[in-house]
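Colleague: One file: protein06.cif (mmCIF, C-alpha atoms and all ligand atoms).
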```
data_target
#
loop_
_atom_site.label_atom_id
_atom_site.label_comp_id
_atom_site.auth_asym_id
_atom_site.auth_seq_id
_atom_site.Cartn_x
_atom_site.Cartn_y
_atom_site.Cartn_z
CA MET A 1 14.16 13.28 26.75
CA ASP A 2 17.79 12.31 26.92
CA VAL A 3 19.07 11.74 23.44
CA LYS A 4 20.19 8.22 24.30
CA ASP A 5 16.59 7.34 25.15
CA ILE A 6 15.33 8.20 21.68
CA PRO A 7 14.60 5.16 19.54
CA GLN A 8 16.60 5.47 16.32
CA MET A 9 14.19 5.38 13.39
CA ILE A 10 15.28 4.39 9.90
CA THR A 11 13.03 5.34 6.97
CA ILE A 12 13.64 3.44 3.75
CA THR A 13 11.65 4.97 0.92
CA PHE A 14 11.14 4.13 -2.74
CA ASP A 15 9.69 6.35 -5.46
CA ASP A 16 8.03 5.86 -8.84
CA SER A 17 5.81 3.50 -10.74
CA MET A 18 5.05 -0.04 -9.65
CA GLN A 19 5.01 -3.18 -11.73
CA HIS A 20 5.19 -6.88 -10.95
CA ALA A 21 8.92 -7.07 -11.55
CA LYS A 22 9.57 -4.17 -9.19
CA PHE A 23 7.45 -5.77 -6.53
CA ALA A 24 9.43 -8.99 -6.92
CA THR A 25 12.70 -7.09 -6.39
CA ILE A 26 11.44 -5.23 -3.34
CA LYS A 27 10.13 -8.46 -1.90
CA LYS A 28 13.39 -10.30 -2.52
CA PHE A 29 15.72 -7.71 -1.02
CA VAL A 30 13.55 -6.01 1.58
CA LEU A 31 10.22 -7.60 2.48
CA ASP A 32 11.65 -11.10 2.73
CA ILE A 33 13.97 -9.97 5.53
CA GLN A 34 12.86 -11.02 9.00
CA ASP A 35 13.84 -9.46 12.30
CA LYS A 36 13.87 -11.34 15.60
CA ARG A 37 10.07 -11.24 15.65
CA GLY A 38 9.82 -12.53 12.11
CA CYS A 39 8.82 -9.08 10.81
CA PRO A 40 10.12 -7.35 7.67
CA PRO A 41 11.52 -3.82 7.69
CA ARG A 42 8.67 -1.37 7.26
CA ILE A 43 9.05 0.95 4.26
CA THR A 44 7.28 3.71 2.35
CA HIS A 45 6.68 3.64 -1.41
CA PHE A 46 5.79 6.89 -3.22
CA THR A 47 3.86 5.64 -6.20
CA SER A 48 3.33 7.39 -9.51
CA PHE A 49 1.03 5.91 -12.13
CA ASP A 50 3.07 5.99 -15.30
CA TRP A 51 2.68 2.33 -16.33
CA THR A 52 1.82 1.29 -12.82
CA GLN A 53 -0.07 -1.96 -12.36
CA CYS A 54 -2.64 -2.19 -9.61
CA GLU A 55 -1.97 -5.78 -8.61
CA PRO A 56 1.55 -5.26 -7.21
CA VAL A 57 0.37 -2.06 -5.52
CA LYS A 58 -2.24 -4.16 -3.77
CA PHE A 59 0.25 -6.94 -3.00
CA MET A 60 2.53 -4.39 -1.35
CA TYR A 61 -0.32 -2.89 0.60
CA ASP A 62 -1.56 -6.30 1.71
CA THR A 63 1.78 -7.14 3.32
CA GLY A 64 0.90 -4.58 5.99
CA ALA A 65 4.53 -3.41 5.98
CA VAL A 66 4.44 -0.82 3.19
CA GLU A 67 2.99 2.66 3.43
CA GLN A 68 1.71 3.88 0.08
CA GLY A 69 2.65 7.50 -0.47
CA HIS A 70 1.86 9.30 -3.72
CA HIS A 71 4.09 10.78 -6.39
CA THR A 72 1.68 12.33 -8.98
CA GLY A 73 -0.26 10.59 -11.70
CA MET A 74 2.32 10.80 -14.48
CA HIS A 75 5.51 11.58 -12.57
CA THR A 76 5.34 15.34 -13.10
CA GLY A 77 7.59 17.87 -11.38
CA THR A 78 6.02 21.05 -9.93
CA PRO A 79 2.62 19.36 -10.20
CA THR A 80 -0.82 20.93 -10.29
CA VAL A 81 -3.54 19.98 -7.84
CA ALA A 82 -5.06 17.67 -10.46
CA GLN A 83 -1.73 15.93 -11.13
CA ILE A 84 -1.23 15.32 -7.41
CA LYS A 85 -4.79 14.17 -6.86
CA SER A 86 -4.58 11.78 -9.79
CA ALA A 87 -2.15 9.47 -7.95
CA MET A 88 -4.16 9.68 -4.73
CA ASP A 89 -7.30 8.62 -6.59
CA GLN A 90 -5.56 5.82 -8.45
CA LEU A 91 -4.02 4.40 -5.30
CA GLU A 92 -7.50 4.30 -3.84
CA GLY A 93 -8.71 2.65 -7.03
CA CYS A 94 -6.06 -0.04 -6.55
CA GLY A 95 -7.45 -0.84 -3.11
CA VAL A 96 -5.44 1.34 -0.73
CA PRO A 97 -7.83 2.95 1.78
CA LYS A 98 -8.09 6.70 1.30
CA SER A 99 -7.33 7.31 4.97
CA GLU A 100 -3.92 5.68 4.54
CA ILE A 101 -2.86 7.76 1.53
CA THR A 102 -1.25 10.55 3.48
CA GLY A 103 2.22 11.45 2.26
CA PHE A 104 3.82 12.91 -0.85
CA ARG A 105 7.19 13.32 -2.54
CA THR A 106 7.62 15.53 -5.61
CA PRO A 107 8.93 13.87 -8.78
CA PHE A 108 12.48 14.98 -9.58
CA LEU A 109 12.25 16.69 -6.16
CA ALA A 110 11.03 19.61 -8.26
CA TYR A 111 8.68 22.02 -6.56
CA ASP A 112 7.79 25.66 -6.84
CA ALA A 113 5.84 28.21 -4.86
CA THR A 114 2.58 26.38 -5.53
CA THR A 115 3.55 22.85 -4.53
CA LEU A 116 2.91 23.04 -0.80
CA VAL A 117 -0.18 25.19 -1.37
CA ASN A 118 -1.51 22.47 -3.69
CA LEU A 119 -0.73 19.74 -1.18
CA ALA A 120 -2.45 21.64 1.61
CA SER A 121 -5.56 22.05 -0.52
CA LEU A 122 -5.77 18.24 -0.76
CA ASP A 123 -5.32 17.75 3.00
CA VAL A 124 -2.07 15.89 2.47
CA ILE A 125 -0.58 15.12 5.87
CA TYR A 126 3.08 15.34 4.99
CA ASP A 127 5.51 16.27 2.28
CA THR A 128 8.97 14.74 2.18
CA THR A 129 10.81 16.57 -0.55
CA LEU A 130 12.78 19.41 0.97
CA ILE A 131 16.46 18.81 1.49
CA GLN A 132 18.30 20.09 4.47
CA ASP A 133 20.99 22.09 2.73
CA ASP A 134 23.02 23.48 5.58
CA ASP A 135 25.93 21.08 5.94
CA VAL A 136 27.55 22.73 8.95
CA ALA A 137 24.36 23.33 10.94
CA SER A 138 23.37 19.73 10.38
CA GLY A 139 26.69 18.57 11.81
CA TYR A 140 27.20 16.63 8.58
CA GLY A 141 24.42 14.32 9.62
CA ALA A 142 24.88 14.34 13.40
CA ASN A 143 22.54 17.21 14.18
CA ASN A 144 19.82 17.06 11.57
CA THR A 145 16.59 19.02 11.77
CA TRP A 146 13.81 16.73 12.89
CA PRO A 147 10.59 16.53 10.88
CA PHE A 148 8.46 19.52 11.77
CA THR A 149 4.95 20.88 11.48
CA LEU A 150 4.23 23.71 9.10
CA GLU A 151 1.67 25.70 11.04
CA ASN A 152 4.32 28.41 11.35
CA GLY A 153 5.80 27.91 7.91
CA PHE A 154 9.51 27.22 7.61
CA THR A 155 11.72 27.72 10.59
CA GLY A 156 15.14 26.71 11.77
CA SER A 157 17.85 25.49 9.48
CA ILE A 158 15.47 24.15 6.87
CA LYS A 159 15.18 26.80 4.26
CA CYS A 160 12.41 26.54 1.79
CA GLY A 161 14.59 24.46 -0.44
CA VAL A 162 17.63 25.31 -2.47
CA THR A 163 15.80 27.92 -4.50
CA GLY A 164 13.78 29.28 -1.59
CA SER A 165 10.82 29.16 -3.87
CA CYS A 166 8.16 28.04 -1.41
CA ILE A 167 5.63 30.42 -0.02
CA ASN A 168 6.56 30.80 3.61
CA GLN A 169 3.11 30.71 5.04
CA SER A 170 1.22 28.61 7.55
CA TYR A 171 0.13 25.14 6.50
CA PRO A 172 -1.89 23.91 9.46
CA ASP A 173 -1.97 20.14 10.05
CA MET A 174 0.83 19.56 7.57
CA TRP A 175 4.29 18.13 8.23
CA GLU A 176 7.59 18.29 6.44
CA ILE A 177 9.88 15.29 6.74
CA PRO A 178 13.19 16.63 5.41
CA MET A 179 15.40 14.52 3.19
CA TYR A 180 18.77 14.18 4.84
CA ARG A 181 21.97 14.34 2.90
CA TRP A 182 24.73 11.80 3.08
CA TYR A 183 28.42 12.64 3.44
CA ASP A 184 31.51 10.58 2.93
CA THR A 185 34.07 9.94 5.64
CA SER A 186 35.76 13.27 4.84
CA ASN A 187 32.48 15.16 5.28
CA ARG A 188 32.29 15.69 1.58
CA LEU A 189 28.72 15.91 0.41
CA LEU A 190 27.57 12.98 -1.66
CA ASN A 191 25.92 14.53 -4.64
CA ASP A 192 23.38 11.79 -4.85
CA ILE A 193 20.57 12.53 -2.45
CA MET A 194 19.12 9.19 -3.54
CA ASP A 195 20.52 5.90 -4.92
CA TYR A 196 23.95 5.94 -3.31
CA PRO A 197 26.74 4.79 -5.63
CA LEU A 198 28.93 3.57 -2.77
CA PHE A 199 26.25 2.35 -0.43
CA ALA A 200 28.23 -0.39 1.27
CA THR A 201 31.07 2.03 1.98
CA ASP A 202 28.97 4.88 3.27
CA VAL A 203 25.88 3.51 4.94
CA GLN A 204 27.22 2.44 8.33
CA GLN A 205 29.29 5.55 8.94
CA MET A 206 26.33 7.69 7.91
CA PHE A 207 24.03 5.71 10.19
CA ASN A 208 26.51 6.17 13.04
CA ARG A 209 26.32 9.95 12.69
CA HIS A 210 22.58 9.82 13.26
CA TYR A 211 22.75 7.20 16.01
CA ASN A 212 25.57 8.91 17.90
CA GLY A 213 24.18 12.35 17.09
CA ASN A 214 20.74 13.77 17.82
CA ARG A 215 19.01 10.65 16.56
CA ALA A 216 16.99 12.40 13.91
CA PRO A 217 15.62 9.70 11.62
CA PHE A 218 18.07 8.13 9.20
CA GLY A 219 16.67 8.23 5.67
CA ILE A 220 17.64 5.85 2.88
CA TYR A 221 16.07 7.05 -0.39
CA LEU A 222 15.98 4.61 -3.28
CA HIS A 223 14.54 3.61 -6.62
CA GLU A 224 13.96 0.06 -7.72
CA PRO A 225 16.66 0.01 -10.46
CA TRP A 226 19.23 0.79 -7.77
CA LEU A 227 17.82 -2.01 -5.66
CA ASN A 228 18.12 -4.40 -8.55
CA LYS A 229 21.89 -3.84 -8.61
CA ASN A 230 22.59 -3.23 -4.92
CA GLY A 231 19.87 -5.18 -3.19
CA ALA A 232 22.21 -7.75 -1.67
CA ALA A 233 24.27 -5.02 0.04
CA LEU A 234 21.16 -3.33 1.38
CA LYS A 235 19.75 -6.60 2.64
CA GLN A 236 22.97 -7.52 4.37
CA TRP A 237 23.16 -4.15 6.09
CA ILE A 238 19.53 -4.26 7.28
CA GLU A 239 20.04 -7.75 8.69
CA GLN A 240 23.18 -6.64 10.47
CA ILE A 241 21.35 -3.67 12.06
CA MET A 242 18.50 -5.93 13.15
CA ALA A 243 20.95 -8.35 14.74
CA ASN A 244 23.14 -5.77 16.50
CA TYR A 245 20.78 -3.13 17.87
CA ASN A 246 17.69 -3.32 20.02
CA ASP A 247 16.85 0.39 19.82
CA VAL A 248 16.82 0.84 16.05
CA TYR A 249 13.60 0.53 14.08
CA PHE A 250 12.73 0.42 10.40
CA VAL A 251 9.55 2.48 10.15
CA THR A 252 7.21 4.04 7.63
CA ASN A 253 7.01 7.81 7.51
CA MET A 254 3.63 7.69 9.23
CA ASP A 255 5.09 5.48 12.00
CA LEU A 256 7.69 8.18 12.48
CA LEU A 257 5.13 10.98 12.69
CA GLU A 258 3.04 8.92 15.09
CA TRP A 259 6.00 8.61 17.42
CA MET A 260 6.72 12.34 17.12
CA GLN A 261 3.16 13.15 18.16
CA ASN A 262 3.59 10.96 21.20
CA PRO A 263 7.31 10.60 21.82
CA VAL A 264 8.13 7.86 24.30
CA PRO A 265 11.58 6.70 25.36
CA LYS A 266 12.93 3.66 23.61
CA SER A 267 12.23 1.54 26.70
CA GLN A 268 8.52 2.15 26.09
CA TYR A 269 8.49 2.15 22.32
CA VAL A 270 6.48 -0.68 20.83
CA PRO A 271 7.26 -1.27 17.17
CA LYS A 272 4.38 -2.09 14.86
CA ALA A 273 3.38 -5.73 14.79
CA CYS A 274 3.41 -7.61 11.51
CA LYS A 275 1.33 -10.23 9.81
CA SER A 276 2.52 -13.81 9.60
CA ARG A 277 4.46 -14.69 6.46
CA ALA A 278 1.46 -16.67 5.29
CA GLU A 279 -0.79 -13.65 5.68
CA MET A 280 1.70 -11.28 4.08
CA PHE A 281 2.39 -13.39 1.03
CA GLY A 282 -0.20 -16.18 1.09
CA CYS A 283 -2.28 -14.51 -1.58
CA LEU A 284 0.36 -14.16 -4.25
CA PRO A 285 0.75 -15.62 -7.72
CA PRO A 286 3.76 -17.90 -8.04
CA ALA A 287 7.34 -16.56 -7.94
CA PRO A 288 9.49 -15.37 -9.58
CA GLY A 289 7.18 -12.98 -11.40
CA TYR A 290 4.36 -12.86 -8.84
CA LYS A 291 1.91 -12.38 -11.64
CA CYS A 292 -0.55 -14.34 -13.71
CA ASP A 293 1.23 -13.85 -16.99
CA GLY A 294 -0.45 -16.33 -19.27
CA TRP A 295 -2.70 -15.40 -22.17
CA GLY A 296 -6.08 -14.19 -20.94
CA GLN A 297 -5.24 -14.51 -17.26
CA PHE A 298 -5.74 -12.21 -14.31
CA PHE A 299 -5.19 -12.49 -10.59
CA ASP A 300 -8.45 -12.94 -8.72
CA PHE A 301 -8.12 -11.34 -5.30
CA ALA A 302 -11.29 -13.07 -4.12
CA THR A 303 -9.77 -16.53 -4.56
CA CYS A 304 -6.05 -15.63 -4.53
CA LYS A 305 -5.65 -17.57 -7.76
CA CYS A 306 -4.93 -16.92 -11.39
CA SER A 307 -8.20 -17.08 -13.31
CA CYS A 308 -9.35 -16.61 -16.88
CA MET A 309 -10.48 -13.20 -18.02
CA LYS A 310 -13.92 -12.51 -19.39
CA ASN A 311 -14.53 -14.34 -22.68
CA PHE A 312 -11.67 -16.74 -21.89
CA CYS A 313 -12.11 -20.22 -20.46
CA PRO A 314 -9.74 -22.65 -18.71
CA ILE A 315 -8.04 -25.53 -20.43
CA ASN A 316 -6.03 -28.37 -18.90
CA GLY A 317 -7.24 -27.53 -15.41
CA GLY A 318 -6.95 -23.77 -15.74
CA PRO A 319 -4.04 -21.53 -14.72
CA SER A 320 -4.23 -22.34 -11.02
CA ASN A 321 -3.75 -26.05 -11.78
CA GLY A 322 -0.91 -25.80 -14.25
CA GLY A 323 -3.23 -25.30 -17.20
CA ALA A 324 -4.00 -22.20 -19.18
CA CYS A 325 -6.76 -20.00 -20.58
CA THR A 326 -8.07 -19.82 -24.10
CA ASP A 327 -10.53 -17.72 -26.01
CA TRP A 328 -11.00 -20.47 -28.60
CA ASN A 329 -14.35 -22.22 -28.65
CA CYS A 330 -15.35 -21.21 -25.14
CA PRO A 331 -18.92 -22.09 -24.23
CA THR A 332 -21.12 -19.04 -24.65
CA THR A 333 -22.30 -17.79 -21.31
CA PRO A 334 -25.97 -17.15 -22.18
CA VAL A 335 -26.63 -20.89 -22.37
CA ALA A 336 -25.93 -21.69 -18.77
CA PRO A 337 -28.21 -19.32 -16.87
CA VAL A 338 -31.24 -21.20 -18.10
CA PRO A 339 -31.10 -24.10 -15.62
CA VAL A 340 -31.15 -21.66 -12.75
CA ALA A 341 -34.41 -20.23 -13.90
CA PRO A 342 -36.68 -22.88 -12.32
CA VAL A 343 -35.77 -21.63 -8.88
CA ALA A 344 -37.13 -18.24 -9.68
CA PRO A 345 -40.86 -18.88 -9.75
CA THR A 346 -41.09 -19.87 -6.10
CA PRO A 347 -39.92 -16.58 -4.61
CA VAL A 348 -42.71 -14.84 -6.42
CA ALA A 349 -45.10 -16.47 -4.02
CA ALA A 350 -43.12 -15.17 -1.09
CA PRO A 351 -44.77 -11.78 -0.71
CA VAL A 352 -47.81 -13.70 0.47
CA PRO A 353 -46.41 -14.34 3.97
CA THR A 354 -47.62 -10.93 5.01
CA PRO A 355 -50.89 -12.55 6.11
CA PRO A 356 -49.18 -13.89 9.26
CA VAL A 357 -50.22 -10.56 10.67
CA ALA A 358 -53.46 -12.39 11.23
CA PRO A 359 -52.29 -13.96 14.52
CA THR A 360 -52.92 -10.62 16.15
CA THR A 361 -56.53 -11.59 16.14
CA PRO A 362 -56.67 -13.27 19.51
CA THR A 363 -59.36 -15.57 18.35
CA ALA A 364 -57.14 -18.59 18.92
CA PRO A 365 -59.26 -21.33 17.42
CA LEU A 366 -58.98 -19.84 13.96
CA ALA A 367 -55.18 -19.74 13.83
CA PRO A 368 -54.50 -23.36 12.80
CA VAL A 369 -56.79 -22.94 9.86
CA THR A 370 -54.33 -20.60 8.04
CA PRO A 371 -52.22 -23.11 6.12
CA THR A 372 -50.29 -20.34 4.37
CA ALA A 373 -47.49 -20.89 6.86
CA PRO A 374 -45.39 -23.36 4.79
CA VAL A 375 -44.74 -20.70 2.19
CA PRO A 376 -41.95 -18.81 4.01
CA ALA A 377 -39.41 -21.61 3.59
CA PRO A 378 -38.64 -21.24 -0.13
CA TYR A 379 -38.41 -17.49 0.36
CA GLN A 380 -34.86 -17.85 1.59
CA LEU A 381 -33.22 -17.50 -1.78
CA LYS A 382 -29.44 -17.52 -1.68
CA CYS A 383 -29.22 -15.32 -4.69
CA GLY A 384 -30.98 -12.43 -3.03
CA SER A 385 -33.25 -9.99 -4.74
CA THR A 386 -34.39 -10.19 -8.32
CA SER A 387 -31.92 -7.49 -9.30
CA SER A 388 -28.94 -9.62 -8.29
CA PHE A 389 -30.44 -12.77 -9.58
CA ALA A 390 -28.71 -12.50 -12.93
CA VAL A 391 -25.34 -12.10 -11.23
CA CYS A 392 -25.99 -15.14 -9.13
CA GLY A 393 -26.79 -17.20 -12.17
CA LYS A 394 -23.66 -15.99 -13.94
CA ARG A 395 -21.40 -16.93 -11.07
CA ARG A 396 -22.74 -20.41 -11.09
CA THR A 397 -22.10 -20.60 -14.76
CA LEU A 398 -18.48 -19.62 -14.42
CA ARG A 399 -17.91 -22.09 -11.66
CA GLY A 400 -19.50 -24.79 -13.77
CA VAL A 401 -17.20 -24.06 -16.65
CA ASN A 402 -14.14 -24.13 -14.46
CA GLU A 403 -14.96 -27.46 -12.97
CA SER A 404 -15.87 -29.07 -16.23
CA SER A 405 -12.55 -28.56 -17.94
ZN ZN A 501 10.22 9.79 -8.99
#
```
Can you dump the structure from the file as structure tokens?
Modeller:
Amino acid sequence: MDVKDIPQMITITFDDSMQHAKFATIKKFVLDIQDKRGCPPRITHFTSFDWTQCEPVKFMYDTGAVEQGHHTGMHTGTPTVAQIKSAMDQLEGCGVPKSEITGFRTPFLAYDATTLVNLASLDVIYDTTLIQDDDVASGYGANNTWPFTLENGFTGSIKCGVTGSCINQSYPDMWEIPMYRWYDTSNRLLNDIMDYPLFATDVQQMFNRHYNGNRAPFGIYLHEPWLNKNGAALKQWIEQIMANYNDVYFVTNMDLLEWMQNPVPKSQYVPKACKSRAEMFGCLPPAPGYKCDGWGQFFDFATCKCSCMKNFCPINGGPSNGGACTDWNCPTTPVAPVPVAPVAPTPVAAPVPTPPVAPTTPTAPLAPVTPTAPVPAPYQLKCGSTSSFAVCGKRRTLRGVNESS
């Protein structure tokens, strides 16, 4: 493929834990941006679980524009299998489908001979930790090594990291997406592989090297504290790229690998669609915090509203109506289930309908005599089986309490 026919991919990635405030910052400076189709830039977030909250993880996932990579349970360099798996499991626990938890970056970019072996044992699809360290061979950003598969180990100008301390063996079905270095206008290496101190000065000239070079993906590697300070500059640059180019795409790492498995020229490349703004953010607690932060509150994903936690009850209309929650003098739940009880006796009779088998007896005249027929109607209990009956009664109770106050 002629190099000018390659769609230029840009991968913006974030690392580390996730809390409501971080989500709000990423939303403000990245996800609120809209391209000509009304879509946000697609990004990848490598999540560790040191003080991570599940709700913003789920909010990010629900936008449909954020790939959730993993970054160990407690942000540990040179992690064990268990430390790697911990984040994968917790992402799943927060509601990210297991099949979409595919990529990894090592905390502190610290790995040793075991890291890739550990990743391979967990069927991780890609690692994106290794830094291309050959300035000249990379043409200072114009001739970067593309992401590559590891079935033959490490080849080309990507060494196994600065220390060379990876086992150079075959990792079938695994990819490495190198981290690309940035250089200043004098080709001096910027020491910061992530969180660029002079972003506004460097980003466009660095992008140009990729775009006018071999079009290897352009990586922008960030943390949320950097975004908090420099978000406006990043946003402005993204918007400018969206306005000025029709062959440049902000993609997740998996989008990038998908294209590499089936590379089509830019004329045929179809960027991922996005949800409507209402779908992306419709189910969110109110800004600016995007959280239900009152006493005894939690965000109920089923209703997309702030609700009262167990043993709390709403006052003044409850949190979704400008009220609040309290644990003072709440009605005790055991009282309410009682009224539901009367419904129960009828289903007991239900097993009787089995007699309808009788119709098989072709003796027609007898059929009308079986008056058992009316019984089936009450059998259709909304609350289901007896085992779920208690749950059904409880739900009604909660609803009753909400409405009453
Ligand atoms: Zn980190």
Colleague: Pick out the residues no farther than 12 Å from ligand ZN 501 (chain A), counting all atoms listed in the file, and list them as a ChimeraX atom specification.
Modeller: /A:13-18,45-50,69-77,104-110,129,194-195,221-225
Colleague: Set the distance at 12 Å and use all atoms listed in the file: which residues neighbour A:Ala120 once local chain neighbours fewer than 2 positions away are removed? I'd like the list as a list in words.
Modeller: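 Listing them by chain and then by number gives Val81, Ile84, Lys85, Thr102, Gly103, Phe104, Thr114, Thr115, Leu116, Val117, Asn118, Leu122, Asp123, Val124, Ile125, Tyr126, Asp127, Leu150, Glu151, Gln169, Ser170, Tyr171, Pro172, Asp173, Met174, Trp175 and Glu176 of chain A.
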Colleague: Could you work out how far atom CA of A:Leu91 lies from atom CA of A:Pro147, giving the answer in Å with one decimal?
Modeller: 24.9 Å
Colleague: What does the structure give for the distance between atom CA of A:Val30 and atom CA of A:Tyr245, in Å to one decimal?
Modeller: 18.1 Å
Colleague: How many Å separate atom CA of A:Ile167 from atom CA of A:Phe148?
Modeller: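 These atoms are spaced 16.3 Å apart.
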Colleague: Go through A:Leu256, A:Cys292, A:Ile33, A:Cys54 one by one, measure the shortest atom-to-atom distance of each to A:Ile10 using all atoms listed in the file, and give the residue with the smallest value.
Modeller: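 For A:Ile10, the nearest of the candidates is A:Leu256.
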Colleague: Please provide as a PyMOL selection string all residues within 8 Å of A:Tyr180, with the sequence filter that same-chain residues fewer than 3 positions apart are discarded (counting only C-alpha atoms).
Modeller: chain A and resi 131-132+141+144+193+218-219
Colleague: Would you write out, as a tab-separated table, a table of all residues in stretch 181-299 of chain A that have an atom no more than 9 Å from an atom of stretch 39-43 of chain A, listing for each the closest atom pair and the distance in Å to one decimal, considering all atoms listed in the file and ordering rows by chain and rising residue number?
Modeller:
```
residue	atom	partner	partner_atom	distance
A:Ile238	CA	A:Pro41	CA	8.0
A:Tyr249	CA	A:Pro41	CA	8.0
A:Phe250	CA	A:Pro41	CA	5.2
A:Val251	CA	A:Arg42	CA	4.9
A:Thr252	CA	A:Ile43	CA	4.9
A:Asn253	CA	A:Ile43	CA	7.9
A:Lys272	CA	A:Arg42	CA	8.8
A:Ala273	CA	A:Cys39	CA	7.5
A:Cys274	CA	A:Cys39	CA	5.6
A:Lys275	CA	A:Cys39	CA	7.6
A:Ser276	CA	A:Cys39	CA	8.0
A:Arg277	CA	A:Cys39	CA	8.3
```
Colleague: Identify the residues within 8 Å of coordinate (17.0, 7.0, 10.6) (same frame as the file), considering all atoms listed in the file, and give the answer as a short mmCIF file (atom, residue, chain, number, x, y, z; two decimals) with C-alpha atoms, keeping the file's coordinate frame.
Modeller:
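Written file, result-v2.cif:
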```
data_model
loop_
_atom_site.label_atom_id
_atom_site.label_comp_id
_atom_site.auth_asym_id
_atom_site.auth_seq_id
_atom_site.Cartn_x
_atom_site.Cartn_y
_atom_site.Cartn_z
CA GLN A 8 16.60 5.47 16.32
CA MET A 9 14.19 5.38 13.39
CA ILE A 10 15.28 4.39 9.90
CA THR A 11 13.03 5.34 6.97
CA PHE A 207 24.03 5.71 10.19
CA HIS A 210 22.58 9.82 13.26
CA TYR A 211 22.75 7.20 16.01
CA ARG A 215 19.01 10.65 16.56
CA ALA A 216 16.99 12.40 13.91
CA PRO A 217 15.62 9.70 11.62
CA PHE A 218 18.07 8.13 9.20
CA GLY A 219 16.67 8.23 5.67
CA ILE A 220 17.64 5.85 2.88
CA PHE A 250 12.73 0.42 10.40
#
```
Colleague: Using all atoms listed in the file, which of A:Ala233, A:Val264, A:Cys313, A:Cys325 sits nearest A:Pro197?
Modeller: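 Comparing A:Ala233, A:Val264, A:Cys313, A:Cys325 against A:Pro197, the winner is A:Ala233.
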Colleague: Return stretch 316-331 of chain A, completed with N, CA and C atoms, as a PDB file, in the frame of the given file.
Modeller:
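See selection-v8.pdb below for the written result:
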```pdb
ATOM      1  N   ASN A 316      -6.988 -27.535 -19.648  1.00  0.00           N
ATOM      2  CA  ASN A 316      -6.030 -28.370 -18.900  1.00  0.00           C
ATOM      3  C   ASN A 316      -6.007 -28.018 -17.407  1.00  0.00           C
ATOM      4  N   GLY A 317      -7.160 -27.788 -16.848  1.00  0.00           N
ATOM      5  CA  GLY A 317      -7.240 -27.530 -15.410  1.00  0.00           C
ATOM      6  C   GLY A 317      -7.198 -26.064 -15.053  1.00  0.00           C
ATOM      7  N   GLY A 318      -6.981 -25.209 -16.024  1.00  0.00           N
ATOM      8  CA  GLY A 318      -6.950 -23.770 -15.740  1.00  0.00           C
ATOM      9  C   GLY A 318      -5.629 -23.344 -15.148  1.00  0.00           C
ATOM     10  N   PRO A 319      -5.372 -22.045 -15.116  1.00  0.00           N
ATOM     11  CA  PRO A 319      -4.040 -21.530 -14.720  1.00  0.00           C
ATOM     12  C   PRO A 319      -3.663 -21.869 -13.278  1.00  0.00           C
ATOM     13  N   SER A 320      -4.609 -22.045 -12.408  1.00  0.00           N
ATOM     14  CA  SER A 320      -4.230 -22.340 -11.020  1.00  0.00           C
ATOM     15  C   SER A 320      -3.910 -23.818 -10.828  1.00  0.00           C
ATOM     16  N   ASN A 321      -4.091 -24.627 -11.869  1.00  0.00           N
ATOM     17  CA  ASN A 321      -3.750 -26.050 -11.780  1.00  0.00           C
ATOM     18  C   ASN A 321      -2.740 -26.450 -12.846  1.00  0.00           C
ATOM     19  N   GLY A 322      -1.924 -25.494 -13.261  1.00  0.00           N
ATOM     20  CA  GLY A 322      -0.910 -25.800 -14.250  1.00  0.00           C
ATOM     21  C   GLY A 322      -1.403 -25.738 -15.675  1.00  0.00           C
ATOM     22  N   GLY A 323      -2.675 -25.408 -15.867  1.00  0.00           N
ATOM     23  CA  GLY A 323      -3.230 -25.300 -17.200  1.00  0.00           C
ATOM     24  C   GLY A 323      -3.137 -23.877 -17.722  1.00  0.00           C
ATOM     25  N   ALA A 324      -4.065 -23.521 -18.563  1.00  0.00           N
ATOM     26  CA  ALA A 324      -4.000 -22.200 -19.180  1.00  0.00           C
ATOM     27  C   ALA A 324      -5.415 -21.692 -19.459  1.00  0.00           C
ATOM     28  N   CYS A 325      -5.478 -20.560 -20.163  1.00  0.00           N
ATOM     29  CA  CYS A 325      -6.760 -20.000 -20.580  1.00  0.00           C
ATOM     30  C   CYS A 325      -6.773 -19.900 -22.100  1.00  0.00           C
ATOM     31  N   THR A 326      -7.942 -19.976 -22.644  1.00  0.00           N
ATOM     32  CA  THR A 326      -8.070 -19.820 -24.100  1.00  0.00           C
ATOM     33  C   THR A 326      -9.323 -19.023 -24.411  1.00  0.00           C
ATOM     34  N   ASP A 327      -9.301 -18.388 -25.571  1.00  0.00           N
ATOM     35  CA  ASP A 327     -10.530 -17.720 -26.010  1.00  0.00           C
ATOM     36  C   ASP A 327     -11.071 -18.448 -27.234  1.00  0.00           C
ATOM     37  N   TRP A 328     -10.601 -19.672 -27.441  1.00  0.00           N
ATOM     38  CA  TRP A 328     -11.000 -20.470 -28.600  1.00  0.00           C
ATOM     39  C   TRP A 328     -12.113 -21.431 -28.209  1.00  0.00           C
ATOM     40  N   ASN A 329     -13.247 -21.282 -28.854  1.00  0.00           N
ATOM     41  CA  ASN A 329     -14.350 -22.220 -28.650  1.00  0.00           C
ATOM     42  C   ASN A 329     -14.861 -22.286 -27.217  1.00  0.00           C
ATOM     43  N   CYS A 330     -14.809 -21.202 -26.501  1.00  0.00           N
ATOM     44  CA  CYS A 330     -15.350 -21.210 -25.140  1.00  0.00           C
ATOM     45  C   CYS A 330     -16.868 -21.324 -25.210  1.00  0.00           C
ATOM     46  N   PRO A 331     -17.455 -22.022 -24.261  1.00  0.00           N
ATOM     47  CA  PRO A 331     -18.920 -22.090 -24.230  1.00  0.00           C
ATOM     48  C   PRO A 331     -19.489 -20.680 -24.087  1.00  0.00           C
TER      49      PRO A 331
END
```
